[in-house]
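Data file: input27.cif. Format and content: mmCIF, N, CA and C atoms.
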```cif
data_input
loop_
_atom_site.label_atom_id
_atom_site.label_comp_id
_atom_site.auth_asym_id
_atom_site.auth_seq_id
_atom_site.Cartn_x
_atom_site.Cartn_y
_atom_site.Cartn_z
N MET A 167 24.78 -44.95 14.65
CA MET A 167 23.65 -44.28 15.27
C MET A 167 23.25 -43.11 14.37
N ASN A 168 21.99 -43.01 14.05
CA ASN A 168 21.54 -41.90 13.21
C ASN A 168 21.26 -40.66 14.07
N ASN A 169 20.98 -39.54 13.42
CA ASN A 169 20.77 -38.28 14.14
C ASN A 169 19.61 -38.36 15.13
N ASN A 170 18.52 -39.01 14.76
CA ASN A 170 17.37 -39.12 15.67
C ASN A 170 17.71 -39.95 16.91
N GLN A 171 18.44 -41.04 16.69
CA GLN A 171 18.86 -41.87 17.82
C GLN A 171 19.80 -41.09 18.74
N ALA A 172 20.73 -40.35 18.14
CA ALA A 172 21.67 -39.55 18.94
C ALA A 172 20.92 -38.49 19.74
N ALA A 173 19.98 -37.80 19.10
CA ALA A 173 19.20 -36.77 19.79
C ALA A 173 18.38 -37.38 20.92
N ASP A 174 17.77 -38.54 20.69
CA ASP A 174 17.01 -39.21 21.74
C ASP A 174 17.91 -39.59 22.91
N PHE A 175 19.10 -40.12 22.59
CA PHE A 175 20.05 -40.50 23.64
C PHE A 175 20.43 -39.29 24.50
N VAL A 176 20.80 -38.19 23.83
CA VAL A 176 21.22 -36.99 24.55
C VAL A 176 20.06 -36.42 25.38
N ASN A 177 18.88 -36.33 24.78
CA ASN A 177 17.73 -35.78 25.52
C ASN A 177 17.36 -36.64 26.72
N ASN A 178 17.39 -37.96 26.55
CA ASN A 178 17.08 -38.85 27.67
C ASN A 178 18.13 -38.75 28.76
N MET A 179 19.41 -38.70 28.37
CA MET A 179 20.49 -38.56 29.35
C MET A 179 20.33 -37.25 30.11
N TRP A 180 20.03 -36.19 29.39
CA TRP A 180 19.86 -34.87 30.01
C TRP A 180 18.72 -34.90 31.03
N ASP A 181 17.56 -35.41 30.60
CA ASP A 181 16.38 -35.41 31.46
C ASP A 181 16.48 -36.40 32.62
N ASP A 182 17.05 -37.59 32.36
CA ASP A 182 17.04 -38.65 33.36
C ASP A 182 18.23 -38.63 34.30
N SER A 183 19.34 -38.07 33.88
CA SER A 183 20.56 -38.14 34.68
C SER A 183 21.13 -36.77 35.02
N ILE A 184 21.24 -35.91 34.04
CA ILE A 184 21.95 -34.65 34.26
C ILE A 184 21.11 -33.65 35.04
N VAL A 185 19.87 -33.40 34.62
CA VAL A 185 19.03 -32.42 35.33
C VAL A 185 18.82 -32.81 36.80
N PRO A 186 18.51 -34.08 37.11
CA PRO A 186 18.37 -34.43 38.53
C PRO A 186 19.67 -34.22 39.32
N GLU A 187 20.81 -34.53 38.72
CA GLU A 187 22.09 -34.36 39.41
C GLU A 187 22.40 -32.88 39.62
N ILE A 188 22.21 -32.07 38.58
CA ILE A 188 22.45 -30.64 38.72
C ILE A 188 21.49 -30.04 39.75
N SER A 189 20.27 -30.52 39.78
CA SER A 189 19.29 -30.02 40.75
C SER A 189 19.77 -30.28 42.18
N GLU A 190 20.32 -31.46 42.44
CA GLU A 190 20.87 -31.75 43.77
C GLU A 190 22.10 -30.90 44.05
N TYR A 191 22.92 -30.68 43.03
CA TYR A 191 24.13 -29.87 43.16
C TYR A 191 23.79 -28.42 43.50
N ILE A 192 22.71 -27.90 42.91
CA ILE A 192 22.29 -26.52 43.19
C ILE A 192 22.04 -26.32 44.69
N LYS A 193 21.56 -27.35 45.36
CA LYS A 193 21.22 -27.26 46.79
C LYS A 193 22.45 -27.08 47.68
N VAL A 194 23.63 -27.35 47.16
CA VAL A 194 24.86 -27.26 47.95
C VAL A 194 25.38 -25.82 47.88
N PRO A 195 25.40 -25.09 49.01
CA PRO A 195 25.87 -23.70 49.00
C PRO A 195 27.40 -23.62 48.98
N ASN A 196 27.96 -24.15 47.93
CA ASN A 196 29.41 -24.29 47.77
C ASN A 196 30.01 -23.02 47.19
N LYS A 197 30.21 -22.05 48.04
CA LYS A 197 30.71 -20.75 47.56
C LYS A 197 32.22 -20.79 47.33
N SER A 198 32.65 -19.95 46.42
CA SER A 198 34.06 -19.76 46.16
C SER A 198 34.79 -19.40 47.46
N PRO A 199 36.02 -19.87 47.65
CA PRO A 199 36.77 -19.53 48.87
C PRO A 199 36.88 -18.02 49.10
N SER A 200 36.80 -17.23 48.05
CA SER A 200 36.83 -15.77 48.23
C SER A 200 35.62 -15.28 49.02
N PHE A 201 34.52 -16.03 48.94
CA PHE A 201 33.29 -15.64 49.63
C PHE A 201 33.00 -16.52 50.83
N ASP A 202 33.75 -17.59 51.03
CA ASP A 202 33.61 -18.47 52.18
C ASP A 202 35.00 -18.88 52.65
N PRO A 203 35.66 -18.01 53.44
CA PRO A 203 37.01 -18.31 53.89
C PRO A 203 37.11 -19.61 54.71
N ASP A 204 35.99 -20.03 55.32
CA ASP A 204 35.97 -21.27 56.10
C ASP A 204 35.43 -22.44 55.28
N TRP A 205 35.70 -22.45 53.99
CA TRP A 205 35.15 -23.46 53.09
C TRP A 205 35.51 -24.88 53.52
N GLU A 206 36.73 -25.08 54.04
CA GLU A 206 37.11 -26.43 54.47
C GLU A 206 36.25 -26.90 55.64
N LYS A 207 36.07 -26.03 56.62
CA LYS A 207 35.28 -26.35 57.81
C LYS A 207 33.82 -26.62 57.44
N HIS A 208 33.26 -25.84 56.53
CA HIS A 208 31.86 -25.97 56.16
C HIS A 208 31.58 -27.26 55.37
N GLY A 209 32.56 -27.75 54.60
CA GLY A 209 32.44 -29.02 53.91
C GLY A 209 31.63 -29.03 52.62
N HIS A 210 31.16 -27.86 52.18
CA HIS A 210 30.35 -27.82 50.95
C HIS A 210 31.17 -28.17 49.72
N MET A 211 32.42 -27.73 49.68
CA MET A 211 33.30 -28.03 48.54
C MET A 211 33.50 -29.54 48.45
N GLU A 212 33.71 -30.18 49.60
CA GLU A 212 33.91 -31.63 49.64
C GLU A 212 32.66 -32.36 49.16
N LYS A 213 31.49 -31.90 49.60
CA LYS A 213 30.24 -32.52 49.17
C LYS A 213 30.06 -32.38 47.66
N ALA A 214 30.35 -31.19 47.14
CA ALA A 214 30.18 -30.94 45.70
C ALA A 214 31.13 -31.81 44.87
N VAL A 215 32.39 -31.88 45.25
CA VAL A 215 33.33 -32.68 44.46
C VAL A 215 33.00 -34.16 44.56
N ALA A 216 32.50 -34.60 45.70
CA ALA A 216 32.10 -36.00 45.85
C ALA A 216 30.89 -36.32 44.96
N MET A 217 29.96 -35.39 44.85
CA MET A 217 28.81 -35.58 43.96
C MET A 217 29.26 -35.70 42.51
N LEU A 218 30.16 -34.81 42.09
CA LEU A 218 30.66 -34.83 40.71
C LEU A 218 31.45 -36.11 40.43
N GLU A 219 32.24 -36.52 41.41
CA GLU A 219 33.02 -37.75 41.25
C GLU A 219 32.08 -38.96 41.11
N ALA A 220 31.08 -39.06 41.98
CA ALA A 220 30.16 -40.20 41.95
C ALA A 220 29.42 -40.27 40.62
N TRP A 221 28.93 -39.12 40.15
CA TRP A 221 28.21 -39.11 38.87
C TRP A 221 29.15 -39.53 37.74
N SER A 222 30.36 -39.00 37.75
CA SER A 222 31.33 -39.32 36.69
C SER A 222 31.64 -40.81 36.66
N ARG A 223 31.83 -41.41 37.83
CA ARG A 223 32.17 -42.84 37.89
C ARG A 223 31.04 -43.73 37.37
N LYS A 224 29.81 -43.24 37.39
CA LYS A 224 28.67 -44.03 36.90
C LYS A 224 28.58 -44.04 35.38
N GLN A 225 29.32 -43.17 34.72
CA GLN A 225 29.21 -43.07 33.27
C GLN A 225 29.97 -44.22 32.61
N PRO A 226 29.35 -44.90 31.65
CA PRO A 226 29.97 -46.06 31.02
C PRO A 226 30.95 -45.66 29.91
N ILE A 227 32.06 -45.04 30.30
CA ILE A 227 33.05 -44.58 29.32
C ILE A 227 34.28 -45.47 29.43
N LYS A 228 34.59 -46.14 28.35
CA LYS A 228 35.70 -47.11 28.32
C LYS A 228 37.03 -46.46 28.71
N ASP A 229 37.73 -47.12 29.63
CA ASP A 229 39.08 -46.73 30.07
C ASP A 229 39.15 -45.38 30.78
N MET A 230 38.01 -44.82 31.18
CA MET A 230 38.02 -43.54 31.89
C MET A 230 38.60 -43.73 33.29
N GLN A 231 39.46 -42.81 33.67
CA GLN A 231 40.05 -42.78 35.00
C GLN A 231 39.54 -41.53 35.71
N VAL A 232 39.04 -41.68 36.94
CA VAL A 232 38.51 -40.56 37.72
C VAL A 232 39.29 -40.49 39.02
N GLU A 233 39.72 -39.28 39.37
CA GLU A 233 40.54 -39.11 40.57
C GLU A 233 40.28 -37.72 41.16
N ILE A 234 40.26 -37.64 42.47
CA ILE A 234 40.23 -36.33 43.13
C ILE A 234 41.66 -36.04 43.58
N VAL A 235 42.20 -34.92 43.11
CA VAL A 235 43.56 -34.50 43.45
C VAL A 235 43.45 -33.46 44.56
N ARG A 236 44.23 -33.67 45.62
CA ARG A 236 44.17 -32.77 46.78
C ARG A 236 45.55 -32.21 47.10
N ILE A 237 45.57 -30.92 47.36
CA ILE A 237 46.75 -30.23 47.86
C ILE A 237 46.30 -29.49 49.11
N GLU A 238 46.98 -29.68 50.20
CA GLU A 238 46.57 -29.09 51.47
C GLU A 238 46.33 -27.58 51.35
N GLY A 239 45.18 -27.14 51.86
CA GLY A 239 44.84 -25.73 51.84
C GLY A 239 44.24 -25.24 50.54
N ARG A 240 44.16 -26.10 49.54
CA ARG A 240 43.60 -25.72 48.23
C ARG A 240 42.32 -26.53 47.99
N THR A 241 41.48 -26.01 47.12
CA THR A 241 40.25 -26.73 46.80
C THR A 241 40.60 -27.98 45.99
N PRO A 242 39.86 -29.08 46.20
CA PRO A 242 40.16 -30.31 45.47
C PRO A 242 39.86 -30.16 43.98
N ILE A 243 40.56 -30.95 43.19
CA ILE A 243 40.38 -30.96 41.74
C ILE A 243 39.85 -32.33 41.33
N LEU A 244 38.81 -32.34 40.54
CA LEU A 244 38.32 -33.58 39.95
C LEU A 244 39.03 -33.75 38.62
N PHE A 245 39.86 -34.78 38.53
CA PHE A 245 40.63 -35.03 37.32
C PHE A 245 40.07 -36.28 36.65
N ILE A 246 39.70 -36.14 35.38
CA ILE A 246 39.17 -37.26 34.61
C ILE A 246 40.00 -37.39 33.35
N ASP A 247 40.51 -38.60 33.11
CA ASP A 247 41.30 -38.87 31.92
C ASP A 247 40.57 -39.92 31.10
N ILE A 248 40.32 -39.58 29.84
CA ILE A 248 39.69 -40.52 28.91
C ILE A 248 40.63 -40.66 27.72
N PRO A 249 41.34 -41.78 27.64
CA PRO A 249 42.28 -41.96 26.53
C PRO A 249 41.56 -42.03 25.19
N GLY A 250 42.20 -41.53 24.18
CA GLY A 250 41.64 -41.56 22.84
C GLY A 250 42.61 -42.15 21.85
N GLN A 251 42.28 -42.04 20.59
CA GLN A 251 43.11 -42.61 19.53
C GLN A 251 43.67 -41.50 18.65
N SER A 252 44.12 -40.42 19.28
CA SER A 252 44.64 -39.27 18.56
C SER A 252 45.81 -38.70 19.34
N ASP A 253 46.66 -37.96 18.65
CA ASP A 253 47.75 -37.27 19.33
C ASP A 253 47.28 -35.97 19.97
N ASP A 254 46.08 -35.52 19.59
CA ASP A 254 45.53 -34.30 20.17
C ASP A 254 44.98 -34.59 21.57
N VAL A 255 45.02 -33.58 22.40
CA VAL A 255 44.47 -33.67 23.75
C VAL A 255 43.43 -32.57 23.88
N VAL A 256 42.27 -32.92 24.37
CA VAL A 256 41.23 -31.93 24.63
C VAL A 256 41.17 -31.74 26.13
N LEU A 257 41.28 -30.51 26.57
CA LEU A 257 41.21 -30.19 27.98
C LEU A 257 39.92 -29.43 28.23
N LEU A 258 39.10 -29.94 29.14
CA LEU A 258 37.91 -29.22 29.58
C LEU A 258 38.17 -28.79 31.02
N TYR A 259 38.04 -27.52 31.27
CA TYR A 259 38.23 -27.00 32.61
C TYR A 259 36.90 -26.45 33.10
N GLY A 260 36.57 -26.76 34.31
CA GLY A 260 35.37 -26.19 34.91
C GLY A 260 35.59 -26.03 36.40
N HIS A 261 34.89 -25.11 36.98
CA HIS A 261 34.97 -24.96 38.44
C HIS A 261 33.62 -25.31 39.02
N TYR A 262 33.63 -25.81 40.23
CA TYR A 262 32.38 -26.23 40.85
C TYR A 262 32.07 -25.41 42.10
N ASP A 263 32.86 -24.38 42.36
CA ASP A 263 32.48 -23.45 43.41
C ASP A 263 31.52 -22.43 42.80
N LYS A 264 30.82 -21.69 43.65
CA LYS A 264 29.77 -20.80 43.17
C LYS A 264 29.95 -19.39 43.73
N GLN A 265 29.38 -18.45 43.02
CA GLN A 265 29.33 -17.07 43.51
C GLN A 265 28.29 -17.00 44.63
N PRO A 266 28.39 -16.00 45.51
CA PRO A 266 27.41 -15.91 46.61
C PRO A 266 26.03 -15.53 46.10
N GLU A 267 25.09 -15.49 47.02
CA GLU A 267 23.67 -15.34 46.70
C GLU A 267 23.34 -14.05 45.95
N PHE A 268 23.79 -12.93 46.41
CA PHE A 268 23.43 -11.61 45.87
C PHE A 268 21.92 -11.41 45.86
N SER A 269 21.48 -10.27 45.42
CA SER A 269 20.04 -9.99 45.35
C SER A 269 19.61 -10.00 43.88
N GLY A 270 18.30 -9.85 43.66
CA GLY A 270 17.81 -9.77 42.30
C GLY A 270 17.11 -11.01 41.80
N TRP A 271 16.93 -11.99 42.66
CA TRP A 271 16.20 -13.19 42.27
C TRP A 271 14.71 -12.88 42.23
N ASP A 272 14.00 -13.53 41.31
CA ASP A 272 12.54 -13.40 41.28
C ASP A 272 11.96 -13.91 42.60
N ASP A 273 10.76 -13.47 42.93
CA ASP A 273 10.13 -13.87 44.19
C ASP A 273 9.98 -15.39 44.32
N ASP A 274 9.80 -16.09 43.22
CA ASP A 274 9.60 -17.53 43.28
C ASP A 274 10.89 -18.32 43.04
N LEU A 275 12.04 -17.63 43.07
CA LEU A 275 13.33 -18.30 42.85
C LEU A 275 14.27 -18.02 44.01
N ASP A 276 15.16 -18.97 44.25
CA ASP A 276 16.15 -18.88 45.32
C ASP A 276 17.44 -19.49 44.79
N PRO A 277 18.60 -18.95 45.12
CA PRO A 277 19.84 -19.48 44.54
C PRO A 277 20.13 -20.94 44.91
N TRP A 278 19.66 -21.41 46.06
CA TRP A 278 19.99 -22.76 46.53
C TRP A 278 18.82 -23.74 46.38
N THR A 279 17.76 -23.32 45.69
CA THR A 279 16.61 -24.18 45.46
C THR A 279 16.41 -24.35 43.96
N PRO A 280 16.59 -25.58 43.45
CA PRO A 280 16.41 -25.78 42.01
C PRO A 280 14.94 -25.66 41.62
N VAL A 281 14.68 -24.90 40.57
CA VAL A 281 13.32 -24.71 40.06
C VAL A 281 13.37 -24.78 38.54
N ILE A 282 12.50 -25.60 37.97
CA ILE A 282 12.35 -25.62 36.52
C ILE A 282 11.15 -24.76 36.19
N LYS A 283 11.39 -23.71 35.41
CA LYS A 283 10.36 -22.73 35.08
C LYS A 283 10.48 -22.44 33.58
N ASP A 284 9.39 -22.63 32.86
CA ASP A 284 9.38 -22.41 31.41
C ASP A 284 10.49 -23.22 30.72
N GLY A 285 10.71 -24.44 31.20
CA GLY A 285 11.69 -25.32 30.58
C GLY A 285 13.14 -25.01 30.91
N LYS A 286 13.38 -24.07 31.83
CA LYS A 286 14.74 -23.70 32.21
C LYS A 286 14.96 -24.01 33.68
N LEU A 287 16.15 -24.51 34.00
CA LEU A 287 16.52 -24.81 35.37
C LEU A 287 17.18 -23.59 35.99
N TYR A 288 16.64 -23.15 37.12
CA TYR A 288 17.18 -22.00 37.84
C TYR A 288 17.81 -22.46 39.14
N GLY A 289 18.89 -21.80 39.53
CA GLY A 289 19.60 -22.09 40.77
C GLY A 289 21.07 -21.78 40.58
N ARG A 290 21.76 -21.55 41.67
CA ARG A 290 23.18 -21.20 41.62
C ARG A 290 24.02 -22.42 41.26
N GLY A 291 24.84 -22.30 40.23
CA GLY A 291 25.76 -23.35 39.84
C GLY A 291 25.20 -24.32 38.82
N ARG A 292 24.22 -23.92 38.06
CA ARG A 292 23.57 -24.84 37.12
C ARG A 292 24.35 -25.00 35.83
N GLY A 293 25.53 -24.43 35.71
CA GLY A 293 26.35 -24.67 34.53
C GLY A 293 26.63 -23.44 33.70
N GLU A 294 26.21 -22.28 34.16
CA GLU A 294 26.43 -21.08 33.37
C GLU A 294 27.92 -20.74 33.29
N ARG A 295 28.41 -20.65 32.09
CA ARG A 295 29.80 -20.24 31.81
C ARG A 295 30.82 -21.03 32.63
N GLN A 296 30.59 -22.29 32.90
CA GLN A 296 31.52 -22.99 33.77
C GLN A 296 32.54 -23.85 33.04
N PHE A 297 32.35 -24.12 31.76
CA PHE A 297 33.31 -24.98 31.09
C PHE A 297 34.00 -24.22 29.97
N ARG A 298 35.31 -24.34 29.93
CA ARG A 298 36.11 -23.65 28.94
C ARG A 298 36.96 -24.70 28.20
N PRO A 299 36.49 -25.17 27.03
CA PRO A 299 37.26 -26.20 26.32
C PRO A 299 38.49 -25.61 25.63
N ALA A 300 39.50 -26.42 25.53
CA ALA A 300 40.71 -26.00 24.82
C ALA A 300 41.30 -27.23 24.15
N LEU A 301 41.89 -27.06 22.97
CA LEU A 301 42.54 -28.15 22.28
C LEU A 301 44.05 -27.99 22.49
N LEU A 302 44.65 -29.00 23.05
CA LEU A 302 46.09 -28.98 23.29
C LEU A 302 46.76 -30.03 22.42
N HIS A 303 48.02 -29.85 22.15
CA HIS A 303 48.76 -30.85 21.39
C HIS A 303 49.87 -31.41 22.28
N ARG A 304 49.98 -32.73 22.25
CA ARG A 304 51.04 -33.37 23.02
C ARG A 304 52.38 -33.07 22.37
N PRO A 305 53.40 -32.88 23.18
CA PRO A 305 54.73 -32.65 22.60
C PRO A 305 55.20 -33.88 21.81
N ALA A 306 55.92 -33.64 20.74
CA ALA A 306 56.40 -34.76 19.89
C ALA A 306 57.48 -35.54 20.59
#
```

Will you turn the file into structure tokens for me?
Amino acid sequence: MNNNQAADFVNNMWDDSIVPEISEYIKVPNKSPSFDPDWEKHGHMEKAVAMLEAWSRKQPIKDMQVEIVRIEGRTPILFIDIPGQSDDVVLLYGHYDKQPEFSGWDDDLDPWTPVIKDGKLYGRGRGERQFRPALLHRPA
């Protein structure tokens, strides 16, 4: 695949799959348990993790395993394993809970309503600072 084909693939995937999914995700008021002590009862965390799981399972990635790990009283974890052909392990960590609404939004913006303005997607949980990649090495 040449650079133009790769760029077209990424741009199309972003526009056709990722932006619509993130837009739906923004609508879920899935606040961090620190800001929503009744998070289990409200069910927003469950809805958010189910959305992420469903989107992940649709991706055509060979040998990918997708699982939701649950520990009673704790927020669920979406665990995805994609085997590779290297001894190195790449760990991507992200959280899918959100900070509360706060003030300071523009008059035409709302934290739970996705809006594309000047080519940028606005809304709570749209991906800002949420992924922290790390390279790990498997023990010999």

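The smallest atom-to-atom distance between A:Leu218 and any of A:Phe201, A:Met179, A:Thr241, A:Tyr191, using all atoms listed in the file, is found for A:Tyr191.
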
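Note that the spacing between atom CA of A:Gln225 and atom CA of A:Asp253 amounts to 23.9 Å.
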
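In this structure, atom CA of A:Trp180 sits 12.6 Å away from atom CA of A:Gly285.
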
Selection dump of the PyMOL selection byres ((chain A and resi 245) around 7), as a PyMOL selection string:
chain A and resi 231-235+243-244+246-247

Identify all residues of stretch 188-297 of chain A in helix (DSSP H, G or I) (DSSP on the backbone) and supply them as a CSV table (one decimal) with N, CA and C atoms, in the coordinates of the input.
```csv
chain,number,residue,atom,x,y,z
A,188,ILE,N,22.2,-32.1,38.6
A,188,ILE,CA,22.4,-30.6,38.7
A,188,ILE,C,21.5,-30.0,39.8
A,189,SER,N,20.3,-30.5,39.8
A,189,SER,CA,19.3,-30.0,40.8
A,189,SER,C,19.8,-30.3,42.2
A,190,GLU,N,20.3,-31.5,42.4
A,190,GLU,CA,20.9,-31.8,43.8
A,190,GLU,C,22.1,-30.9,44.0
A,191,TYR,N,22.9,-30.7,43.0
A,191,TYR,CA,24.1,-29.9,43.2
A,191,TYR,C,23.8,-28.4,43.5
A,192,ILE,N,22.7,-27.9,42.9
A,192,ILE,CA,22.3,-26.5,43.2
A,192,ILE,C,22.0,-26.3,44.7
A,205,TRP,N,35.7,-22.4,54.0
A,205,TRP,CA,35.2,-23.5,53.1
A,205,TRP,C,35.5,-24.9,53.5
A,206,GLU,N,36.7,-25.1,54.0
A,206,GLU,CA,37.1,-26.4,54.5
A,206,GLU,C,36.2,-26.9,55.6
A,207,LYS,N,36.1,-26.0,56.6
A,207,LYS,CA,35.3,-26.4,57.8
A,207,LYS,C,33.8,-26.6,57.4
A,208,HIS,N,33.3,-25.8,56.5
A,208,HIS,CA,31.9,-26.0,56.2
A,208,HIS,C,31.6,-27.3,55.4
A,210,HIS,N,31.2,-27.9,52.2
A,210,HIS,CA,30.4,-27.8,51.0
A,210,HIS,C,31.2,-28.2,49.7
A,211,MET,N,32.4,-27.7,49.7
A,211,MET,CA,33.3,-28.0,48.5
A,211,MET,C,33.5,-29.5,48.4
A,212,GLU,N,33.7,-30.2,49.6
A,212,GLU,CA,33.9,-31.6,49.6
A,212,GLU,C,32.7,-32.4,49.2
A,213,LYS,N,31.5,-31.9,49.6
A,213,LYS,CA,30.2,-32.5,49.2
A,213,LYS,C,30.1,-32.4,47.7
A,214,ALA,N,30.4,-31.2,47.1
A,214,ALA,CA,30.2,-30.9,45.7
A,214,ALA,C,31.1,-31.8,44.9
A,215,VAL,N,32.4,-31.9,45.2
A,215,VAL,CA,33.3,-32.7,44.5
A,215,VAL,C,33.0,-34.2,44.6
A,216,ALA,N,32.5,-34.6,45.7
A,216,ALA,CA,32.1,-36.0,45.8
A,216,ALA,C,30.9,-36.3,45.0
A,217,MET,N,30.0,-35.4,44.8
A,217,MET,CA,28.8,-35.6,44.0
A,217,MET,C,29.3,-35.7,42.5
A,218,LEU,N,30.2,-34.8,42.1
A,218,LEU,CA,30.7,-34.8,40.7
A,218,LEU,C,31.4,-36.1,40.4
A,219,GLU,N,32.2,-36.5,41.4
A,219,GLU,CA,33.0,-37.8,41.2
A,219,GLU,C,32.1,-39.0,41.1
A,220,ALA,N,31.1,-39.1,42.0
A,220,ALA,CA,30.2,-40.2,42.0
A,220,ALA,C,29.4,-40.3,40.6
A,221,TRP,N,28.9,-39.1,40.2
A,221,TRP,CA,28.2,-39.1,38.9
A,221,TRP,C,29.2,-39.5,37.7
A,222,SER,N,30.4,-39.0,37.8
A,222,SER,CA,31.3,-39.3,36.7
A,222,SER,C,31.6,-40.8,36.7
A,223,ARG,N,31.8,-41.4,37.8
A,223,ARG,CA,32.2,-42.8,37.9
A,223,ARG,C,31.0,-43.7,37.4
```

Care to translate the PyMOL selection byres (((chain A and resi 249 and name CA) around 12) and name CA) into actual residues of this file, as a ChimeraX atom specification?
/A:227-232,246-248,250-257

Pick from A:Gln171, A:Ser222, A:Thr279, A:Gln265, whichever lies nearest to A:Ser200 using only C-alpha atoms
A:Gln265

Residues within 12 Å of A:Val185, only C-alpha atoms, excluding chain neighbours under 3 positions, as a ChimeraX atom specification
/A:176-182,188-192,221,280-282,285-289,292-293

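Across the structure, atom C of A:Ala216 and atom CA of A:Lys197 are spaced 15.8 Å apart.
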
Per-residue DSSP, chain A, filtered to strand (DSSP E or B), as a ChimeraX atom specification
/A:197,231-235,243-247,254-260,264,276,279,281-283,286-288,297-303

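On the file presented, the PyMOL selection byres (((chain A and resi 206 and name CA) around 12) and name CA) picks out Asn196, Lys197, Ser198, Pro199, Asp202, Pro203, Asp204, Trp205, Lys207, His208, Gly209, His210, Met211, Glu212, Lys213, Glu238, Gly239, Arg240, Thr241 and Pro242 of chain A.
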
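When the distance limit is 9 Å and only C-alpha atoms are what count, the residues near A:Pro195, minus those fewer than 5 positions from it on the same chain, are His210, Met211, Asp263, Lys264, Pro266, Glu267, Pro277, Trp278 and Arg290 of chain A.
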